[in-house]
Amino acid sequence: MFLKTFACRVLASFPRCGVVIPRKPRYEASGRSSERGYYNTGKPGCPAPGGAAHVRVVDLRSDTVTKPGAAMRQAMAEAEVGDDVMGEDPTVNELQKIAAEMFGMEASLFVPSGTMSNLIAVMVHCRERGDEMIVGDLSHLHIYEQGGSAQLAGVHATTVTTCPDGTFDLVQLESKIRHGYPDPHYPRTRLICLENTHNIQGGRVLPLPFLQEVRALADRYGLSVHTDGARAMNAAVALGVPPSTVLQHTHTVSVCLSKGLGSPVGTVLAGPQDFISRALRCRKALGGGMRQAGVLAAAGKLSLQEMVGRLAEDHCNARTFALALLECEPPLFAVDMSAVETNILRFRIKDPALSPQEFCARMGQVGEGEEAGLGQGVQVLMYPHYENSIRAVWHLGISPEDTQLAVRKMQFVAAQHLNEHVKAQ
């Protein structure tokens, strides 16, 4: 009786506009995702943005969907350019100088993507085929980059268990360091790779003391530390410190410009001058030498100079949605609020009758009665994620108003599910 009363009350609370929506087919439940199904992007019922003009799309699939605004497009159009492979593009050179100073590094290099940037870092740090790097078992570098370190660089990876906060157990980390070199049976440990913020674990910020301890461990054994800092600016904003403070304990870092910072493409790889000199050669070998790249670097300059501070808004919006999930009565969602630190939110559904796939399908479609209930159709796009969770990511394309629309759509879908559950009893 309680479920029935709640569902009817919530559905009735939405204003009626007299719009009749044709009945749509039932949502397809795809079942629970497998343990290694980190993203289930190919599932039916997860439409791409678009549709009728009266439908509002709130795209929370990733912060990679951002689009350059008018000021950024103007900066790109007016950029002074030259041949960057010859080192003659003034805008690229300026971007690299700005990034190096911001990150507290000697030098930096503009590259097309984060995947290439991480691969270059591995190639430079691990100079001999058969060298080994230590990575988290849930790291982006290990899972989402096609094993490029082995495939293209001939570098072996050994993994440590990624903790829920994105860190490692330091005792386990130390146990993974090889001590048999030059015994021909073993690879040679060269590199420890970190990820900050941590993608799969929900945008977790690695604590500064942990970073300091990892660097001390690396120094003790003569190893290098590379940070996949695709969202390192989010970490700095969350901690309220300069980026250089977050990066002071790593030898090298890869920082993405095309996620929350809003550039259309590009990553900056930063580190010591001799490292960047060797990285330049690797970039050329991988096909990453771009000629008049100042058109892209101009966007990157604006990202670093003007877009970092606004990341706090994305963090706030993610937390707003997370709190709304917890306010559903009866409780349908599980959220660890202590883990909501930046712009990535992972949450779970408590009711096994509603799978992550079905929930995402319902959020991404305009359901029956929705326009009457919400006043307009709303598509909220998000993905089923690792360990039967759901991932939603906030970015500069999502305003506080969009977040409230997403909250209302979530409440509508939750009430609709509970109403169906009551009718089935």
# chains A, B, ... in the order shown; residues from 1 in each chain; ligands from 1

$ residues_around --residues "stretch 260-266 of chain A" --least-positions-apart "6" --cutoff "6 Å" --atoms "only C-alpha atoms" --output "short mmCIF file (atom, residue, chain, number, x, y, z; two decimals) with N, CA, C and O atoms, in the first residue's frame"
data_model
loop_
_atom_site.label_atom_id
_atom_site.label_comp_id
_atom_site.auth_asym_id
_atom_site.auth_seq_id
_atom_site.Cartn_x
_atom_site.Cartn_y
_atom_site.Cartn_z
N ASP A 63 32.37 13.70 -20.02
CA ASP A 63 32.77 15.09 -20.23
C ASP A 63 33.55 15.26 -21.53
O ASP A 63 34.02 16.35 -21.84
N THR A 66 31.78 17.71 -24.60
CA THR A 66 31.75 19.18 -24.58
C THR A 66 32.06 19.74 -25.96
O THR A 66 32.79 19.14 -26.75
N PRO A 68 33.21 23.44 -28.11
CA PRO A 68 33.80 24.77 -27.91
C PRO A 68 32.76 25.87 -28.07
O PRO A 68 31.93 25.83 -28.98
N VAL A 111 50.00 17.05 -27.60
CA VAL A 111 49.77 15.83 -28.38
C VAL A 111 48.28 15.69 -28.68
O VAL A 111 47.44 16.31 -28.01
N PRO A 112 47.92 14.89 -29.68
CA PRO A 112 46.52 14.81 -30.09
C PRO A 112 45.57 14.23 -29.06
O PRO A 112 44.40 14.62 -28.99
N SER A 113 46.03 13.24 -28.26
CA SER A 113 45.07 12.57 -27.38
C SER A 113 45.74 12.10 -26.10
O SER A 113 46.96 11.96 -26.01
N ALA A 299 42.69 26.83 -28.50
CA ALA A 299 41.60 26.35 -27.63
C ALA A 299 42.19 25.86 -26.31
O ALA A 299 41.63 26.12 -25.23
N GLY A 300 43.32 25.16 -26.37
CA GLY A 300 43.95 24.67 -25.16
C GLY A 300 44.40 25.78 -24.23
O GLY A 300 44.28 25.67 -23.01
N SER A 303 41.45 26.97 -22.45
CA SER A 303 41.03 25.97 -21.45
C SER A 303 41.81 26.13 -20.16
O SER A 303 41.23 26.12 -19.06
N MET A 307 39.12 28.08 -18.00
CA MET A 307 38.09 27.06 -17.78
C MET A 307 38.32 26.21 -16.53
O MET A 307 37.47 25.39 -16.18
N HIS A 395 29.70 18.36 -16.86
CA HIS A 395 30.68 19.11 -17.65
C HIS A 395 30.10 20.47 -17.99
O HIS A 395 28.98 20.82 -17.58
#

$ residues_around --residues "stretch 170-179 of chain A" --least-positions-apart "6" --cutoff "12 Å" --atoms "only C-alpha atoms" --output "CSV table (one decimal) with all heavy atoms, in the first residue's frame"
chain,number,residue,atom,x,y,z
A,131,ASP,N,60.8,-4.1,-20.6
A,131,ASP,CA,60.7,-3.4,-19.3
A,131,ASP,C,59.2,-3.5,-18.8
A,131,ASP,O,58.3,-3.9,-19.5
A,131,ASP,CB,61.0,-1.9,-19.5
A,131,ASP,CG,62.5,-1.6,-19.6
A,131,ASP,OD1,63.3,-2.5,-19.2
A,131,ASP,OD2,62.9,-0.5,-19.9
A,132,GLU,N,59.0,-3.2,-17.5
A,132,GLU,CA,57.7,-3.4,-16.9
A,132,GLU,C,57.3,-2.2,-16.2
A,132,GLU,O,58.1,-1.4,-15.6
A,132,GLU,CB,57.8,-4.6,-15.9
A,132,GLU,CG,56.5,-4.9,-15.2
A,132,GLU,CD,56.7,-6.1,-14.3
A,132,GLU,OE1,57.3,-6.0,-13.2
A,132,GLU,OE2,56.2,-7.2,-14.7
A,133,MET,N,56.0,-1.9,-16.3
A,133,MET,CA,55.3,-0.9,-15.5
A,133,MET,C,54.3,-1.5,-14.5
A,133,MET,O,53.7,-2.5,-14.8
A,133,MET,CB,54.6,0.1,-16.4
A,133,MET,CG,53.5,-0.4,-17.2
A,133,MET,SD,52.7,0.8,-18.3
A,133,MET,CE,51.4,-0.1,-19.1
A,134,ILE,N,54.1,-0.8,-13.4
A,134,ILE,CA,53.1,-1.2,-12.4
A,134,ILE,C,51.9,-0.3,-12.6
A,134,ILE,O,52.0,1.0,-12.4
A,134,ILE,CB,53.7,-1.2,-11.0
A,134,ILE,CG1,54.9,-2.0,-10.9
A,134,ILE,CG2,52.6,-1.7,-10.0
A,134,ILE,CD1,55.6,-1.9,-9.6
A,135,VAL,N,50.7,-0.8,-12.8
A,135,VAL,CA,49.5,0.0,-13.0
A,135,VAL,C,48.4,-0.6,-12.1
A,135,VAL,O,48.4,-1.8,-11.8
A,135,VAL,CB,49.0,0.0,-14.5
A,135,VAL,CG1,50.1,0.6,-15.4
A,135,VAL,CG2,48.7,-1.4,-15.0
A,136,GLY,N,47.4,0.2,-11.8
A,136,GLY,CA,46.2,-0.2,-11.1
A,136,GLY,C,45.4,-1.1,-12.0
A,136,GLY,O,45.3,-0.8,-13.3
A,137,ASP,N,44.8,-2.1,-11.5
A,137,ASP,CA,44.0,-3.1,-12.3
A,137,ASP,C,42.7,-2.4,-12.9
A,137,ASP,O,42.1,-3.0,-13.8
A,137,ASP,CB,43.6,-4.3,-11.5
A,137,ASP,CG,42.7,-4.1,-10.3
A,137,ASP,OD1,42.7,-2.9,-9.8
A,137,ASP,OD2,42.1,-5.0,-9.8
A,157,ALA,N,53.0,-5.1,-18.4
A,157,ALA,CA,52.3,-4.4,-17.3
A,157,ALA,C,52.0,-5.5,-16.2
A,157,ALA,O,51.6,-6.6,-16.5
A,157,ALA,CB,51.0,-3.8,-17.7
A,158,THR,N,52.3,-5.1,-15.0
A,158,THR,CA,51.8,-5.9,-13.8
A,158,THR,C,50.9,-5.0,-13.0
A,158,THR,O,51.1,-3.8,-13.0
A,158,THR,CB,53.0,-6.4,-13.0
A,158,THR,OG1,52.5,-7.4,-12.0
A,158,THR,CG2,53.7,-5.3,-12.2
A,159,THR,N,49.9,-5.6,-12.4
A,159,THR,CA,48.8,-4.8,-11.8
A,159,THR,C,48.8,-4.9,-10.3
A,159,THR,O,49.2,-5.9,-9.7
A,159,THR,CB,47.4,-5.2,-12.3
A,159,THR,OG1,47.2,-6.5,-12.0
A,159,THR,CG2,47.3,-5.0,-13.8
A,160,VAL,N,48.4,-3.8,-9.7
A,160,VAL,CA,48.0,-3.8,-8.2
A,160,VAL,C,46.5,-3.5,-8.1
A,160,VAL,O,45.9,-2.9,-9.0
A,160,VAL,CB,48.8,-2.7,-7.5
A,160,VAL,CG1,50.3,-3.1,-7.4
A,160,VAL,CG2,48.7,-1.4,-8.1
A,161,THR,N,46.0,-4.0,-7.0
A,161,THR,CA,44.5,-3.8,-6.8
A,161,THR,C,44.2,-2.3,-6.6
A,161,THR,O,44.8,-1.7,-5.7
A,161,THR,CB,44.1,-4.6,-5.6
A,161,THR,OG1,44.4,-6.0,-5.8
A,161,THR,CG2,42.6,-4.5,-5.4
A,162,THR,N,43.2,-1.8,-7.3
A,162,THR,CA,42.8,-0.5,-7.1
A,162,THR,C,41.8,-0.4,-6.0
A,162,THR,O,40.7,-1.1,-6.0
A,162,THR,CB,42.1,0.1,-8.4
A,162,THR,OG1,43.1,0.0,-9.5
A,162,THR,CG2,41.8,1.5,-8.3
A,163,CYS,N,42.1,0.4,-5.0
A,163,CYS,CA,41.2,0.6,-3.9
A,163,CYS,C,40.0,1.4,-4.3
A,163,CYS,O,40.0,2.1,-5.3
A,163,CYS,CB,41.9,1.2,-2.7
A,163,CYS,SG,43.3,0.2,-2.1
A,185,HIS,N,65.2,-14.2,-16.7
A,185,HIS,CA,63.9,-14.7,-16.5
A,185,HIS,C,62.8,-13.6,-16.3
A,185,HIS,O,61.6,-13.8,-16.5
A,185,HIS,CB,63.8,-15.7,-15.3
A,185,HIS,CG,64.6,-16.9,-15.5
A,185,HIS,ND1,65.9,-17.0,-15.1
A,185,HIS,CD2,64.3,-18.1,-16.1
A,185,HIS,CE1,66.3,-18.2,-15.4
A,185,HIS,NE2,65.4,-18.9,-16.0
A,186,TYR,N,63.2,-12.4,-15.9
A,186,TYR,CA,62.3,-11.4,-15.4
A,186,TYR,C,62.4,-10.1,-16.2
A,186,TYR,O,63.4,-9.7,-16.7
A,186,TYR,CB,62.5,-11.1,-13.9
A,186,TYR,CG,62.6,-12.3,-13.0
A,186,TYR,CD1,63.8,-12.7,-12.4
A,186,TYR,CD2,61.5,-13.1,-12.8
A,186,TYR,CE1,63.9,-13.8,-11.6
A,186,TYR,CE2,61.5,-14.2,-12.0
A,186,TYR,CZ,62.7,-14.5,-11.4
A,186,TYR,OH,62.8,-15.7,-10.6
A,187,PRO,N,61.2,-9.5,-16.3
A,187,PRO,CA,61.3,-8.1,-16.8
A,187,PRO,C,61.9,-7.2,-15.8
A,187,PRO,O,62.0,-7.5,-14.6
A,187,PRO,CB,59.8,-7.7,-17.1
A,187,PRO,CG,59.0,-8.6,-16.1
A,187,PRO,CD,59.8,-9.9,-16.0
A,188,ARG,N,62.2,-6.0,-16.2
A,188,ARG,CA,62.8,-5.0,-15.3
A,188,ARG,C,61.8,-3.9,-15.0
A,188,ARG,O,61.3,-3.2,-15.8
A,188,ARG,CB,64.0,-4.4,-15.9
A,188,ARG,CG,64.7,-3.3,-15.0
A,188,ARG,CD,65.9,-2.8,-15.8
A,188,ARG,NE,66.7,-1.8,-14.9
A,188,ARG,CZ,67.8,-1.2,-15.3
A,188,ARG,NH1,68.3,-1.4,-16.5
A,188,ARG,NH2,68.4,-0.4,-14.4
A,189,THR,N,61.5,-3.7,-13.7
A,189,THR,CA,60.5,-2.7,-13.3
A,189,THR,C,61.1,-1.3,-13.5
A,189,THR,O,62.2,-1.0,-13.1
A,189,THR,CB,60.1,-2.8,-11.8
A,189,THR,OG1,59.6,-4.2,-11.6
A,189,THR,CG2,59.0,-1.8,-11.4
A,190,ARG,N,60.4,-0.5,-14.2
A,190,ARG,CA,60.8,0.9,-14.5
A,190,ARG,C,59.9,2.0,-14.0
A,190,ARG,O,60.4,3.1,-13.8
A,190,ARG,CB,61.0,1.0,-16.0
A,190,ARG,CG,62.1,0.2,-16.7
A,190,ARG,CD,63.4,1.0,-16.5
A,190,ARG,NE,64.4,0.4,-17.4
A,190,ARG,CZ,65.7,0.9,-17.6
A,190,ARG,NH1,66.0,1.9,-16.8
A,190,ARG,NH2,66.5,0.4,-18.4
A,191,LEU,N,58.6,1.7,-14.0
A,191,LEU,CA,57.6,2.8,-13.9
A,191,LEU,C,56.4,2.4,-13.0
A,191,LEU,O,56.0,1.2,-13.1
A,191,LEU,CB,57.1,3.1,-15.3
A,191,LEU,CG,56.1,4.2,-15.5
A,191,LEU,CD1,56.6,5.5,-15.1
A,191,LEU,CD2,55.6,4.2,-17.0
A,192,ILE,N,55.9,3.4,-12.3
A,192,ILE,CA,54.7,3.2,-11.5
A,192,ILE,C,53.7,4.3,-12.1
A,192,ILE,O,54.0,5.4,-12.3
A,192,ILE,CB,54.8,3.5,-10.0
A,192,ILE,CG1,55.8,2.5,-9.4
A,192,ILE,CG2,53.5,3.5,-9.3
A,192,ILE,CD1,56.2,2.9,-8.0
A,193,CYS,N,52.5,3.8,-12.5
A,193,CYS,CA,51.5,4.7,-13.1
A,193,CYS,C,50.3,4.9,-12.2
A,193,CYS,O,49.8,4.0,-11.6
A,193,CYS,CB,51.0,4.1,-14.4
A,193,CYS,SG,52.2,4.0,-15.7
A,194,LEU,N,50.0,6.2,-12.0
A,194,LEU,CA,48.8,6.6,-11.2
A,194,LEU,C,47.7,7.2,-12.1
A,194,LEU,O,48.0,7.6,-13.2
A,194,LEU,CB,49.2,7.6,-10.1
A,194,LEU,CG,50.4,7.2,-9.2
A,194,LEU,CD1,50.7,8.3,-8.3
A,194,LEU,CD2,49.9,6.0,-8.3
A,209,PRO,N,49.0,12.9,0.7
A,209,PRO,CA,49.9,12.0,1.4
A,209,PRO,C,50.2,10.7,0.7
A,209,PRO,O,51.4,10.2,0.7
A,209,PRO,CB,49.3,11.8,2.7
A,209,PRO,CG,48.4,12.9,2.9
A,209,PRO,CD,47.9,13.3,1.6
A,210,PHE,N,49.2,10.1,0.0
A,210,PHE,CA,49.4,8.9,-0.8
A,210,PHE,C,50.4,9.2,-1.9
A,210,PHE,O,51.3,8.4,-2.2
A,210,PHE,CB,48.1,8.4,-1.3
A,210,PHE,CG,48.2,7.3,-2.3
A,210,PHE,CD1,48.5,6.0,-2.0
A,210,PHE,CD2,48.0,7.6,-3.7
A,210,PHE,CE1,48.7,5.0,-2.9
A,210,PHE,CE2,48.1,6.6,-4.7
A,210,PHE,CZ,48.5,5.3,-4.3
A,211,LEU,N,50.2,10.3,-2.6
A,211,LEU,CA,51.1,10.6,-3.7
A,211,LEU,C,52.5,10.8,-3.3
A,211,LEU,O,53.4,10.4,-3.9
A,211,LEU,CB,50.6,11.9,-4.4
A,211,LEU,CG,49.2,11.9,-5.0
A,211,LEU,CD1,48.8,13.2,-5.6
A,211,LEU,CD2,49.1,10.8,-6.1
A,212,GLN,N,52.7,11.4,-2.1
A,212,GLN,CA,54.0,11.6,-1.6
A,212,GLN,C,54.6,10.2,-1.2
A,212,GLN,O,55.8,10.0,-1.5
A,212,GLN,CB,53.9,12.5,-0.3
A,212,GLN,CG,55.3,12.8,0.3
A,212,GLN,CD,55.1,13.8,1.4
A,212,GLN,OE1,54.0,14.0,2.0
A,212,GLN,NE2,56.2,14.4,1.9
A,213,GLU,N,53.9,9.3,-0.7
A,213,GLU,CA,54.4,8.0,-0.3
A,213,GLU,C,54.8,7.2,-1.5
A,213,GLU,O,55.8,6.5,-1.5
A,213,GLU,CB,53.4,7.3,0.6
A,213,GLU,CG,53.2,7.8,2.0
A,213,GLU,CD,52.1,7.1,2.7
A,213,GLU,OE1,50.9,7.1,2.3
A,213,GLU,OE2,52.4,6.5,3.8
A,214,VAL,N,54.0,7.3,-2.6
A,214,VAL,CA,54.3,6.6,-3.8
A,214,VAL,C,55.6,7.1,-4.4
A,214,VAL,O,56.5,6.3,-4.8
A,214,VAL,CB,53.2,6.7,-4.8
A,214,VAL,CG1,53.6,6.1,-6.2
A,214,VAL,CG2,51.9,6.0,-4.4
A,215,ARG,N,55.8,8.4,-4.4
A,215,ARG,CA,57.0,9.0,-4.9
A,215,ARG,C,58.2,8.6,-4.1
A,215,ARG,O,59.3,8.2,-4.6
A,215,ARG,CB,56.9,10.5,-4.9
A,215,ARG,CG,58.2,11.2,-5.4
A,215,ARG,CD,58.6,10.8,-6.8
A,215,ARG,NE,59.8,11.4,-7.2
A,215,ARG,CZ,59.9,12.6,-7.9
A,215,ARG,NH1,58.8,13.2,-8.3
A,215,ARG,NH2,61.0,13.1,-8.2
A,216,ALA,N,58.0,8.5,-2.8
A,216,ALA,CA,59.1,8.1,-1.9
A,216,ALA,C,59.5,6.6,-2.2
A,216,ALA,O,60.7,6.3,-2.2
A,216,ALA,CB,58.8,8.3,-0.4
A,217,LEU,N,58.5,5.8,-2.4
A,217,LEU,CA,58.8,4.4,-2.7
A,217,LEU,C,59.5,4.3,-4.0
A,217,LEU,O,60.4,3.5,-4.2
A,217,LEU,CB,57.4,3.6,-2.7
A,217,LEU,CG,57.5,2.1,-3.1
A,217,LEU,CD1,58.2,1.4,-1.9
A,217,LEU,CD2,56.1,1.6,-3.2
A,218,ALA,N,59.0,5.1,-5.0
A,218,ALA,CA,59.7,5.0,-6.3
A,218,ALA,C,61.1,5.5,-6.2
A,218,ALA,O,62.0,4.9,-6.8
A,218,ALA,CB,58.9,5.9,-7.3
A,219,ASP,N,61.4,6.5,-5.5
A,219,ASP,CA,62.8,7.0,-5.4
A,219,ASP,C,63.7,6.0,-4.7
A,219,ASP,O,64.8,5.9,-5.0
A,219,ASP,CB,62.8,8.3,-4.5
A,219,ASP,CG,62.2,9.5,-5.3
A,219,ASP,OD1,62.0,9.4,-6.6
A,219,ASP,OD2,61.9,10.5,-4.7
A,220,ARG,N,63.1,5.3,-3.7
A,220,ARG,CA,63.9,4.3,-3.0
A,220,ARG,C,64.4,3.2,-4.0
A,220,ARG,O,65.5,2.6,-3.8
A,220,ARG,CB,63.0,3.6,-1.9
A,220,ARG,CG,63.8,2.8,-0.9
A,220,ARG,CD,62.8,2.2,0.1
A,220,ARG,NE,61.8,3.2,0.6
A,220,ARG,CZ,60.6,2.9,0.9
A,220,ARG,NH1,60.2,1.6,0.9
A,220,ARG,NH2,59.7,3.8,1.3
A,221,TYR,N,63.6,2.9,-5.0
A,221,TYR,CA,64.0,1.8,-5.9
A,221,TYR,C,64.4,2.3,-7.3
A,221,TYR,O,64.6,1.5,-8.2
A,221,TYR,CB,62.8,0.8,-6.1
A,221,TYR,CG,62.5,0.0,-4.8
A,221,TYR,CD1,61.5,0.4,-4.0
A,221,TYR,CD2,63.3,-1.1,-4.5
A,221,TYR,CE1,61.3,-0.4,-2.8
A,221,TYR,CE2,63.1,-1.8,-3.3
A,221,TYR,CZ,62.1,-1.4,-2.5
A,221,TYR,OH,61.8,-2.2,-1.3
A,222,GLY,N,64.6,3.6,-7.4
A,222,GLY,CA,65.0,4.2,-8.7
A,222,GLY,C,64.0,4.1,-9.8
A,222,GLY,O,64.4,3.9,-11.0
A,223,LEU,N,62.7,4.2,-9.5
A,223,LEU,CA,61.7,4.1,-10.5
A,223,LEU,C,61.1,5.5,-10.8
A,223,LEU,O,61.3,6.4,-10.0
A,223,LEU,CB,60.5,3.2,-10.0
A,223,LEU,CG,60.9,1.8,-9.5
A,223,LEU,CD1,59.7,1.1,-9.0
A,223,LEU,CD2,61.6,1.0,-10.6

$ closest_residue --among "A:Pro243, A:Pro164, A:Gly130, A:Pro331" --to "A:Leu418" --atoms "only C-alpha atoms"
A:Pro331

$ closest_residue --among "A:Ile276, A:Met76, A:Val155, A:Ala100" --to "A:Leu247" --atoms "only C-alpha atoms"
A:Ala100

$ residues_around --residues "stretch 277-293 of chain A" --least-positions-apart "3" --cutoff "8 Å" --atoms "only C-alpha atoms" --output "PyMOL selection string"
chain A and resi 81-85+89+92+109+111-112+116+120-121+123-124+273-274+296-297

$ write_last_selection --atoms "all heavy atoms" --output "CSV table (one decimal), in the first residue's frame"
chain,number,residue,atom,x,y,z
A,81,VAL,N,49.7,30.8,-36.4
A,81,VAL,CA,50.2,29.4,-36.6
A,81,VAL,C,51.5,29.3,-37.3
A,81,VAL,O,52.0,30.3,-37.9
A,81,VAL,CB,49.1,28.5,-37.4
A,81,VAL,CG1,47.8,28.5,-36.6
A,81,VAL,CG2,48.9,29.1,-38.8
A,82,GLY,N,52.1,28.2,-37.2
A,82,GLY,CA,53.4,27.9,-37.9
A,82,GLY,C,53.5,26.4,-38.0
A,82,GLY,O,52.5,25.6,-37.7
A,83,ASP,N,54.6,25.9,-38.4
A,83,ASP,CA,54.8,24.4,-38.5
A,83,ASP,C,55.3,23.9,-37.2
A,83,ASP,O,56.5,24.1,-36.8
A,83,ASP,CB,55.9,24.1,-39.6
A,83,ASP,CG,55.9,22.6,-39.9
A,83,ASP,OD1,55.8,21.8,-39.0
A,83,ASP,OD2,56.0,22.3,-41.1
A,84,ASP,N,54.5,23.2,-36.4
A,84,ASP,CA,54.8,22.8,-35.1
A,84,ASP,C,55.9,21.6,-35.1
A,84,ASP,O,56.7,21.5,-34.2
A,84,ASP,CB,53.6,22.3,-34.3
A,84,ASP,CG,53.9,21.8,-32.9
A,84,ASP,OD1,54.6,22.6,-32.2
A,84,ASP,OD2,53.5,20.7,-32.5
A,85,VAL,N,55.9,20.8,-36.2
A,85,VAL,CA,56.9,19.8,-36.2
A,85,VAL,C,58.3,20.4,-36.3
A,85,VAL,O,59.3,19.8,-35.8
A,85,VAL,CB,56.6,18.9,-37.5
A,85,VAL,CG1,57.8,17.8,-37.6
A,85,VAL,CG2,55.3,18.1,-37.3
A,89,ASP,N,55.4,26.9,-34.4
A,89,ASP,CA,54.0,27.3,-34.2
A,89,ASP,C,54.0,28.1,-32.9
A,89,ASP,O,54.1,27.5,-31.8
A,89,ASP,CB,53.0,26.2,-34.1
A,89,ASP,CG,51.6,26.6,-34.2
A,89,ASP,OD1,51.2,27.4,-33.3
A,89,ASP,OD2,50.9,26.2,-35.1
A,92,VAL,N,51.3,27.0,-30.3
A,92,VAL,CA,51.6,25.8,-29.6
A,92,VAL,C,52.7,26.0,-28.6
A,92,VAL,O,52.6,25.5,-27.4
A,92,VAL,CB,52.1,24.7,-30.6
A,92,VAL,CG1,52.6,23.5,-29.9
A,92,VAL,CG2,50.9,24.3,-31.5
A,109,LEU,N,54.6,19.1,-23.8
A,109,LEU,CA,54.4,18.7,-25.3
A,109,LEU,C,52.9,18.6,-25.6
A,109,LEU,O,52.2,17.9,-24.9
A,109,LEU,CB,55.1,17.5,-25.6
A,109,LEU,CG,55.1,17.0,-27.0
A,109,LEU,CD1,55.9,18.0,-27.9
A,109,LEU,CD2,55.7,15.6,-27.1
A,111,VAL,N,50.0,17.0,-27.6
A,111,VAL,CA,49.8,15.8,-28.4
A,111,VAL,C,48.3,15.7,-28.7
A,111,VAL,O,47.4,16.3,-28.0
A,111,VAL,CB,50.3,14.6,-27.6
A,111,VAL,CG1,51.8,14.7,-27.4
A,111,VAL,CG2,49.6,14.4,-26.3
A,112,PRO,N,47.9,14.9,-29.7
A,112,PRO,CA,46.5,14.8,-30.1
A,112,PRO,C,45.6,14.2,-29.1
A,112,PRO,O,44.4,14.6,-29.0
A,112,PRO,CB,46.6,13.9,-31.3
A,112,PRO,CG,47.9,14.0,-31.9
A,112,PRO,CD,48.8,14.2,-30.6
A,116,MET,N,47.5,8.7,-26.6
A,116,MET,CA,48.9,8.8,-27.2
A,116,MET,C,49.8,9.4,-26.2
A,116,MET,O,51.0,9.0,-26.1
A,116,MET,CB,48.9,9.7,-28.4
A,116,MET,CG,50.3,9.9,-29.1
A,116,MET,SD,50.3,11.0,-30.5
A,116,MET,CE,49.5,10.0,-31.7
A,120,ILE,N,53.2,7.6,-25.0
A,120,ILE,CA,54.5,8.2,-25.2
A,120,ILE,C,55.3,8.2,-23.8
A,120,ILE,O,56.5,7.9,-23.8
A,120,ILE,CB,54.4,9.7,-25.7
A,120,ILE,CG1,53.9,9.7,-27.1
A,120,ILE,CG2,55.7,10.4,-25.5
A,120,ILE,CD1,53.5,11.1,-27.6
A,121,ALA,N,54.6,8.5,-22.8
A,121,ALA,CA,55.2,8.5,-21.4
A,121,ALA,C,55.8,7.1,-21.1
A,121,ALA,O,56.9,7.0,-20.6
A,121,ALA,CB,54.2,8.9,-20.4
A,123,MET,N,56.7,4.8,-23.3
A,123,MET,CA,57.8,4.5,-24.2
A,123,MET,C,59.1,5.2,-23.7
A,123,MET,O,60.2,4.7,-23.9
A,123,MET,CB,57.4,5.0,-25.6
A,123,MET,CG,56.3,4.2,-26.3
A,123,MET,SD,55.8,4.9,-27.8
A,123,MET,CE,57.2,4.6,-28.9
A,124,VAL,N,58.9,6.4,-23.2
A,124,VAL,CA,60.1,7.2,-22.8
A,124,VAL,C,60.7,6.6,-21.5
A,124,VAL,O,61.9,6.5,-21.3
A,124,VAL,CB,59.8,8.7,-22.7
A,124,VAL,CG1,61.0,9.4,-22.1
A,124,VAL,CG2,59.4,9.3,-24.0
A,273,GLN,N,62.9,18.4,-19.0
A,273,GLN,CA,63.2,18.8,-20.3
A,273,GLN,C,63.7,17.6,-21.1
A,273,GLN,O,63.4,17.4,-22.3
A,273,GLN,CB,64.3,19.9,-20.3
A,273,GLN,CG,64.6,20.4,-21.7
A,273,GLN,CD,63.5,21.0,-22.4
A,273,GLN,OE1,62.9,22.0,-22.0
A,273,GLN,NE2,63.1,20.4,-23.5
A,274,ASP,N,64.6,16.8,-20.5
A,274,ASP,CA,65.1,15.6,-21.3
A,274,ASP,C,64.1,14.6,-21.6
A,274,ASP,O,64.1,14.0,-22.7
A,274,ASP,CB,66.3,15.0,-20.6
A,274,ASP,CG,65.9,14.4,-19.2
A,274,ASP,OD1,64.9,14.8,-18.7
A,274,ASP,OD2,66.6,13.5,-18.8
A,296,LEU,N,44.4,24.4,-32.8
A,296,LEU,CA,43.9,23.6,-31.7
A,296,LEU,C,44.5,24.1,-30.4
A,296,LEU,O,43.9,24.1,-29.4
A,296,LEU,CB,44.3,22.2,-31.9
A,296,LEU,CG,43.7,21.5,-33.2
A,296,LEU,CD1,44.2,20.1,-33.4
A,296,LEU,CD2,42.2,21.5,-33.1
A,297,ALA,N,45.8,24.5,-30.4
A,297,ALA,CA,46.5,25.0,-29.2
A,297,ALA,C,45.8,26.2,-28.7
A,297,ALA,O,45.8,26.5,-27.5
A,297,ALA,CB,47.9,25.2,-29.5

$ select_by_dssp --residues "stretch 349-380 of chain A" --states "helix (DSSP H, G or I)" --output "VMD selection string"
chain A and resid 356 to 364 370 to 374

$ closest_residue --among "A:Ala353, A:Ala236, A:Val253, A:Met410" --to "A:Glu341" --atoms "only C-alpha atoms"
A:Ala236

$ residues_around --residues "A:Ala298" --least-positions-apart "3" --cutoff "10 Å" --atoms "only C-alpha atoms" --output "MDAnalysis selection string"
chainID A and resid 72:81 90:92 94:95 263 293:295 301:303

$ closest_residue --among "A:Ala232, A:Val308, A:Val205, A:Ala71" --to "A:Leu396" --atoms "only C-alpha atoms"
A:Val308

$ select_by_dssp --residues "stretch 185-258 of chain A" --states "strand (DSSP E)" --output "ChimeraX atom specification"
/A:188-195,224-228,252-256
